[in-house]
file model.tsv (TSV, C-alpha atoms)
chain	number	residue	atom	x	y	z
A	97	GLU	CA	15.61	-13.59	13.66
A	98	GLU	CA	13.68	-13.71	16.93
A	99	TYR	CA	10.68	-11.84	15.54
A	100	CYS	CA	10.82	-13.65	12.21
A	101	ARG	CA	10.12	-16.89	14.08
A	102	MET	CA	6.74	-15.39	15.01
A	103	ALA	CA	3.87	-15.30	12.54
A	104	PRO	CA	1.92	-12.05	12.13
A	105	THR	CA	-1.48	-12.17	13.81
A	106	PRO	CA	-4.14	-12.48	11.09
A	107	LEU	CA	-6.96	-9.96	11.39
A	108	SER	CA	-10.10	-9.94	9.26
A	109	ILE	CA	-11.93	-6.79	8.22
A	110	ALA	CA	-14.71	-7.77	10.64
A	111	GLU	CA	-12.18	-7.89	13.51
A	112	PHE	CA	-10.75	-4.51	12.49
A	113	ILE	CA	-14.24	-3.01	12.64
A	114	GLU	CA	-15.01	-4.59	16.01
A	115	ARG	CA	-11.77	-3.36	17.53
A	116	GLY	CA	-12.40	0.10	16.12
A	117	ARG	CA	-15.81	0.60	17.66
A	118	PRO	CA	-15.86	3.20	20.48
A	119	GLY	CA	-15.10	1.80	23.91
A	120	LEU	CA	-14.41	-1.78	22.83
A	121	MET	CA	-10.60	-1.60	22.85
A	122	SER	CA	-8.61	1.01	24.74
A	123	GLU	CA	-5.76	2.79	23.03
A	124	ALA	CA	-3.39	1.27	25.60
A	125	ALA	CA	-4.48	-2.26	24.60
A	126	SER	CA	-4.15	-1.34	20.93
A	127	TYR	CA	-0.66	0.02	21.61
A	128	ASP	CA	0.41	-3.23	23.30
A	129	HIS	CA	-0.82	-5.24	20.33
A	130	LEU	CA	0.63	-2.82	17.80
A	131	VAL	CA	4.18	-2.80	19.18
A	132	GLN	CA	4.69	-6.53	18.75
A	133	GLU	CA	2.82	-6.71	15.44
A	134	VAL	CA	4.89	-3.90	13.92
A	135	LEU	CA	8.12	-5.56	15.02
A	136	VAL	CA	7.04	-8.95	13.65
A	137	ARG	CA	5.83	-7.55	10.34
A	138	ILE	CA	8.84	-5.29	9.72
A	139	SER	CA	11.15	-8.18	10.60
A	140	HIS	CA	9.49	-10.33	7.96
A	141	LEU	CA	9.56	-7.45	5.47
A	142	ILE	CA	13.28	-6.79	5.97
A	143	THR	CA	14.07	-10.50	5.73
A	144	GLU	CA	12.14	-10.70	2.44
A	145	ILE	CA	13.75	-7.60	0.96
A	146	ARG	CA	17.21	-8.96	1.78
A	147	GLN	CA	16.44	-11.95	-0.45
A	148	PHE	CA	16.09	-9.79	-3.56
A	149	PRO	CA	18.32	-10.77	-6.53
A	150	SER	CA	21.87	-9.47	-6.15
A	151	GLU	CA	21.52	-7.52	-9.41
A	152	LEU	CA	18.81	-5.40	-7.79
A	153	GLN	CA	20.57	-5.13	-4.44
A	154	GLU	CA	23.45	-3.35	-6.20
A	155	GLN	CA	21.25	-0.36	-7.00
A	156	GLU	CA	21.42	2.77	-4.86
A	157	GLU	CA	17.64	3.18	-4.60
A	158	TYR	CA	17.30	-0.35	-3.22
A	159	SER	CA	19.86	0.39	-0.51
A	160	ARG	CA	17.96	3.51	0.55
A	161	VAL	CA	14.71	1.56	0.91
A	162	VAL	CA	16.44	-1.05	3.10
A	163	GLU	CA	18.10	1.66	5.22
A	164	ASP	CA	14.76	3.40	5.74
A	165	TYR	CA	13.09	0.18	6.93
A	166	MET	CA	16.04	-0.57	9.22
A	167	GLN	CA	15.67	2.89	10.75
A	168	THR	CA	11.95	2.32	11.33
A	169	TYR	CA	12.66	-1.11	12.83
A	170	THR	CA	15.26	0.40	15.18
A	171	GLU	CA	12.81	3.08	16.31
A	172	ALA	CA	10.02	0.53	16.81
A	173	LEU	CA	12.36	-1.73	18.78
A	174	SER	CA	12.84	1.04	21.35
A	175	PHE	CA	9.20	0.48	22.41
A	176	GLU	CA	9.64	-3.29	22.84
A	177	HIS	CA	9.52	-3.22	26.66
A	178	ARG	CA	7.90	0.16	27.24
A	179	LYS	CA	4.58	0.17	29.06
A	180	SER	CA	1.44	1.66	27.54
A	181	THR	CA	1.61	4.95	29.40
A	182	PRO	CA	0.09	8.06	27.77
A	183	GLU	CA	3.60	9.44	27.18
A	184	ASN	CA	4.85	6.27	25.48
A	185	ILE	CA	1.69	5.97	23.38
A	186	LEU	CA	2.03	9.55	22.17
A	187	GLU	CA	5.71	9.03	21.36
A	188	ALA	CA	4.88	5.85	19.43
A	189	VAL	CA	2.23	7.72	17.47
A	190	GLU	CA	4.76	10.37	16.44
A	191	MET	CA	7.18	7.60	15.44
A	192	LEU	CA	4.49	6.00	13.23
A	193	LYS	CA	3.67	9.32	11.59
A	194	ALA	CA	7.34	9.94	10.80
A	195	ALA	CA	7.71	6.38	9.47
A	196	LYS	CA	4.77	6.85	7.12
A	197	VAL	CA	6.39	9.94	5.64
A	198	ARG	CA	9.72	8.10	5.40
A	199	HIS	CA	8.25	5.23	3.39
A	200	THR	CA	6.00	7.17	1.02
A	201	GLY	CA	8.55	6.78	-1.77
A	202	VAL	CA	9.03	3.00	-1.57
A	203	VAL	CA	7.18	2.20	-4.80
A	204	PRO	CA	8.86	4.86	-7.01
A	205	SER	CA	12.24	4.07	-5.41
A	206	MET	CA	11.92	0.37	-6.22
A	207	ALA	CA	10.77	1.25	-9.74
A	208	ALA	CA	13.87	3.42	-10.16
A	209	ALA	CA	16.05	0.56	-8.85
A	210	CYS	CA	14.49	-1.79	-11.42
A	211	ARG	CA	15.11	0.70	-14.24
A	212	ALA	CA	18.73	1.12	-13.15
A	213	MET	CA	19.15	-2.65	-13.03
A	214	ARG	CA	17.71	-3.09	-16.53
A	215	LEU	CA	20.04	-0.42	-17.90
A	216	LYS	CA	23.08	-1.89	-16.17
A	217	TYR	CA	22.43	-5.42	-17.40
A	218	GLY	CA	21.04	-4.46	-20.80
A	219	LEU	CA	17.60	-5.94	-20.32
A	220	SER	CA	15.42	-4.65	-23.14
A	221	ALA	CA	11.66	-4.21	-22.99
A	222	GLU	CA	11.33	-7.26	-25.24
A	223	GLU	CA	13.27	-9.44	-22.80
A	224	VAL	CA	11.20	-8.19	-19.91
A	225	GLY	CA	8.05	-8.91	-21.90
A	226	ARG	CA	9.23	-12.48	-22.52
A	227	HIS	CA	9.44	-13.04	-18.75
A	228	HIS	CA	13.23	-13.07	-18.45
A	229	GLY	CA	14.24	-15.19	-15.43
A	230	LEU	CA	15.71	-12.24	-13.53
A	231	THR	CA	12.64	-10.06	-14.05
A	232	ARG	CA	10.39	-12.90	-12.87
A	233	ALA	CA	12.42	-13.18	-9.67
A	234	VAL	CA	12.30	-9.42	-9.13
A	235	GLN	CA	8.54	-9.31	-9.72
A	236	TYR	CA	7.98	-12.07	-7.17
A	237	CYS	CA	10.09	-10.22	-4.59
A	238	LEU	CA	8.32	-6.91	-5.27
A	239	ASP	CA	4.93	-8.59	-4.85
A	240	ARG	CA	6.04	-9.92	-1.45
A	241	LEU	CA	7.40	-6.50	-0.41
A	242	TYR	CA	4.23	-4.67	-1.36
A	243	LEU	CA	2.04	-7.27	0.35
A	244	HIS	CA	3.95	-6.73	3.62
A	245	ARG	CA	3.80	-2.97	3.10
A	246	ILE	CA	0.04	-2.92	2.58
A	247	SER	CA	-0.66	-5.00	5.70
A	248	LEU	CA	1.69	-2.87	7.80
A	249	ASN	CA	0.17	0.37	6.54
A	250	MET	CA	-3.34	-0.85	7.19
A	251	LEU	CA	-2.50	-1.95	10.74
A	252	THR	CA	-0.78	1.30	11.73
A	253	LYS	CA	-3.18	3.67	9.95
A	254	GLN	CA	-6.13	1.94	11.58
A	255	HIS	CA	-4.70	2.78	15.01
A	256	LEU	CA	-3.92	6.37	14.03
A	257	MET	CA	-7.41	6.96	12.63
A	258	VAL	CA	-9.45	5.14	15.28
A	259	TYR	CA	-7.81	7.05	18.12
A	260	GLY	CA	-7.91	10.43	16.38
A	261	HIS	CA	-4.20	11.00	15.68
A	262	VAL	CA	-4.80	11.73	11.97
A	263	SER	CA	-7.80	13.08	10.12
A	264	THR	CA	-10.73	10.68	9.99
A	265	VAL	CA	-13.29	10.00	7.26
A	266	GLU	CA	-17.00	10.35	7.98
A	267	ASP	CA	-18.84	7.04	8.51
A	268	GLN	CA	-15.61	5.02	8.37
A	269	VAL	CA	-14.24	2.85	11.18
A	270	GLY	CA	-10.60	3.78	10.73
A	271	VAL	CA	-9.63	2.83	7.17
A	272	ILE	CA	-12.72	0.63	6.67
A	273	HIS	CA	-16.12	1.77	5.45
A	274	PRO	CA	-18.99	-0.54	6.50
A	275	ASP	CA	-21.04	0.54	3.47
A	276	THR	CA	-18.58	1.35	0.67
A	277	ASP	CA	-20.32	2.57	-2.48
A	278	VAL	CA	-18.24	0.73	-5.09
A	279	GLU	CA	-19.48	2.73	-8.08
A	280	ALA	CA	-18.76	6.05	-6.38
A	281	VAL	CA	-15.19	4.97	-5.59
A	282	VAL	CA	-14.65	3.76	-9.18
A	283	ARG	CA	-16.01	7.03	-10.58
A	284	HIS	CA	-13.65	8.98	-8.33
A	285	ALA	CA	-10.73	6.89	-9.58
A	286	TYR	CA	-11.85	7.51	-13.19
A	287	GLN	CA	-12.01	11.28	-12.70
A	288	ASN	CA	-8.43	11.40	-11.40
A	289	ALA	CA	-7.17	9.03	-14.10
A	290	ARG	CA	-8.94	11.19	-16.69
A	291	LEU	CA	-7.27	14.36	-15.39
A	292	LEU	CA	-3.87	12.68	-15.64
A	293	CYS	CA	-4.61	11.40	-19.17
A	294	GLU	CA	-5.81	14.83	-20.33
A	295	LYS	CA	-2.70	16.44	-18.87
A	296	CYS	CA	-0.50	14.13	-20.97
A	297	TYR	CA	-2.58	13.76	-24.16
A	298	LEU	CA	-5.13	16.63	-24.06
A	299	THR	CA	-7.85	13.98	-24.36
A	300	ALA	CA	-9.19	10.95	-22.48
A	301	PRO	CA	-11.68	8.13	-23.08
A	302	GLU	CA	-15.16	8.50	-21.64
A	303	LEU	CA	-16.45	6.21	-18.91
A	304	GLU	CA	-19.50	4.01	-19.28
A	305	ILE	CA	-20.26	2.18	-16.07
A	306	ARG	CA	-23.11	-0.17	-15.17
A	307	SER	CA	-23.81	-1.55	-11.72
A	308	HIS	CA	-25.64	-4.82	-11.20
A	309	ASN	CA	-26.91	-5.64	-7.72
A	310	VAL	CA	-28.32	-9.15	-8.09
A	311	THR	CA	-29.69	-9.46	-4.55
A	312	CYS	CA	-31.21	-5.95	-4.36
A	313	PRO	CA	-31.68	-4.64	-7.93
A	314	ASN	CA	-32.89	-1.22	-6.78
A	315	ASN	CA	-29.87	-0.57	-4.52
A	316	ARG	CA	-26.33	0.43	-5.35
A	317	VAL	CA	-23.56	-2.12	-4.90
A	318	SER	CA	-21.98	-1.68	-1.46
A	319	VAL	CA	-19.40	-3.70	0.44
A	320	VAL	CA	-17.60	-3.69	3.77
A	321	HIS	CA	-14.16	-2.76	2.53
A	322	ILE	CA	-11.28	-0.29	2.46
A	323	PRO	CA	-12.28	2.40	-0.06
A	324	SER	CA	-8.68	3.48	-0.67
A	325	HIS	CA	-7.72	-0.05	-1.77
A	326	ILE	CA	-10.57	-0.19	-4.31
A	327	TYR	CA	-9.65	3.31	-5.47
A	328	HIS	CA	-5.97	2.51	-6.05
A	329	MET	CA	-6.74	-0.69	-7.97
A	330	ALA	CA	-9.35	1.02	-10.16
A	331	PHE	CA	-7.12	4.06	-10.72
A	332	GLU	CA	-4.13	1.97	-11.85
A	333	VAL	CA	-6.21	-0.20	-14.19
A	334	MET	CA	-7.98	2.77	-15.80
A	335	LYS	CA	-4.82	4.89	-16.02
A	336	ASN	CA	-3.02	2.13	-17.90
A	337	ALA	CA	-6.06	1.38	-20.07
A	338	MET	CA	-6.43	5.06	-21.00
A	339	GLN	CA	-2.78	5.33	-21.96
A	340	VAL	CA	-2.96	2.28	-24.25
A	341	THR	CA	-6.30	3.36	-25.74
A	342	VAL	CA	-5.05	6.85	-26.63
A	343	ASP	CA	-1.67	5.56	-27.88
A	344	ASN	CA	-3.34	3.04	-30.18
A	345	ASN	CA	-5.91	5.51	-31.52
A	346	TYR	CA	-4.02	8.81	-31.51
A	347	GLY	CA	-4.12	9.12	-35.29
A	348	ASN	CA	-7.93	9.06	-35.25
A	349	LEU	CA	-8.41	11.67	-32.54
A	350	GLU	CA	-9.65	15.20	-33.09
A	351	ILE	CA	-7.97	17.28	-30.42
A	352	GLY	CA	-8.96	20.92	-30.10

call {"tool": "encode", "arguments": {"input": "model.tsv", "output": "structure tokens"}}
result
Amino acid sequence: EEYCRMAPTPLSIAEFIERGRPGLMSEAASYDHLVQEVLVRISHLITEIRQFPSELQEQEEYSRVVEDYMQTYTEALSFEHRKSTPENILEAVEMLKAAKVRHTGVVPSMAAACRAMRLKYGLSAEEVGRHHGLTRAVQYCLDRLYLHRISLNMLTKQHLMVYGHVSTVEDQVGVIHPDTDVEAVVRHAYQNARLLCEKCYLTAPELEIRSHNVTCPNNRVSVVHIPSHIYHMAFEVMKNAMQVTVDNNYGNLEIG
């Protein structure tokens, strides 16, 4: 309740880049900022997840997700009044690494909880498609959970990458690339979506992509952004589009 009364500190991509430049912000200063921000953000996340519809809260997978976040919150709380000594910083880094592993299954776990809920309460695909009141409430809550999760992951991974505690990516400032080649990221997402589609159907639609740079027609489209976020969005859209395309045209395919 104490930390939920505090609002998370908003940080723009420009501020993330500035803070990540060598020598501008010490790891000790980043640690001091990170401890409070993690506590505030996890507090808000746990409060949100506890507001999920009771029908979803009954599911075992939901309970595990809540327990995992409570464990991470408890571990983070132990750093609340600990100074930014090298020993404490290193211990906090190991805690963050362990927490990232712990929460890797949040999305599939919540998906499993939703499936179990639909089975228990007899919600058919047709009812879900017609925006049944319960499914609308669940979708809203999941959107809020994933929004908190993305911001928390970005904040913690930025610290881990900037200060060399996990593998870094060339030319990136932590998770952010100052000159992200959008087409290259989309093509990468397509290749992985294609592999998945071919594994399931033995075929996959081809990609035709055109880039339009209005301001500099001879240059590729580049942005200051988080390449992994663009990748995940493009991958999900193309994976779903490929599945529907093949399903709707399977009778016309010639598969060797």

call {"tool": "closest_residue", "arguments": {"input": "model.tsv", "among": "A:Phe175, A:Tyr327, A:Tyr259, A:Tyr242", "to": "Pro118 of chain A", "atoms": "all atoms listed in the file"}}
result
A:Tyr259

call {"tool": "atom_distance", "arguments": {"input": "model.tsv", "atom1": "atom CA of Glu151 of chain A", "atom2": "atom CA of Val202 of chain A"}}
result
18.1 Å

call {"tool": "closest_residue", "arguments": {"input": "model.tsv", "among": "A:Leu152, A:Ile142, A:Leu192, A:Val197", "to": "Leu215 of chain A", "atoms": "only C-alpha atoms"}}
result
A:Leu152

call {"tool": "closest_residue", "arguments": {"input": "model.tsv", "among": "A:Glu154, A:Asp267, A:Asp239, A:Glu114", "to": "Leu141 of chain A", "atoms": "all atoms listed in the file"}}
result
A:Asp239

call {"tool": "closest_residue", "arguments": {"input": "model.tsv", "among": "A:Glu133, A:Glu190, A:Asp275, A:Glu97", "to": "Ile113 of chain A", "atoms": "all atoms listed in the file"}}
result
A:Asp275
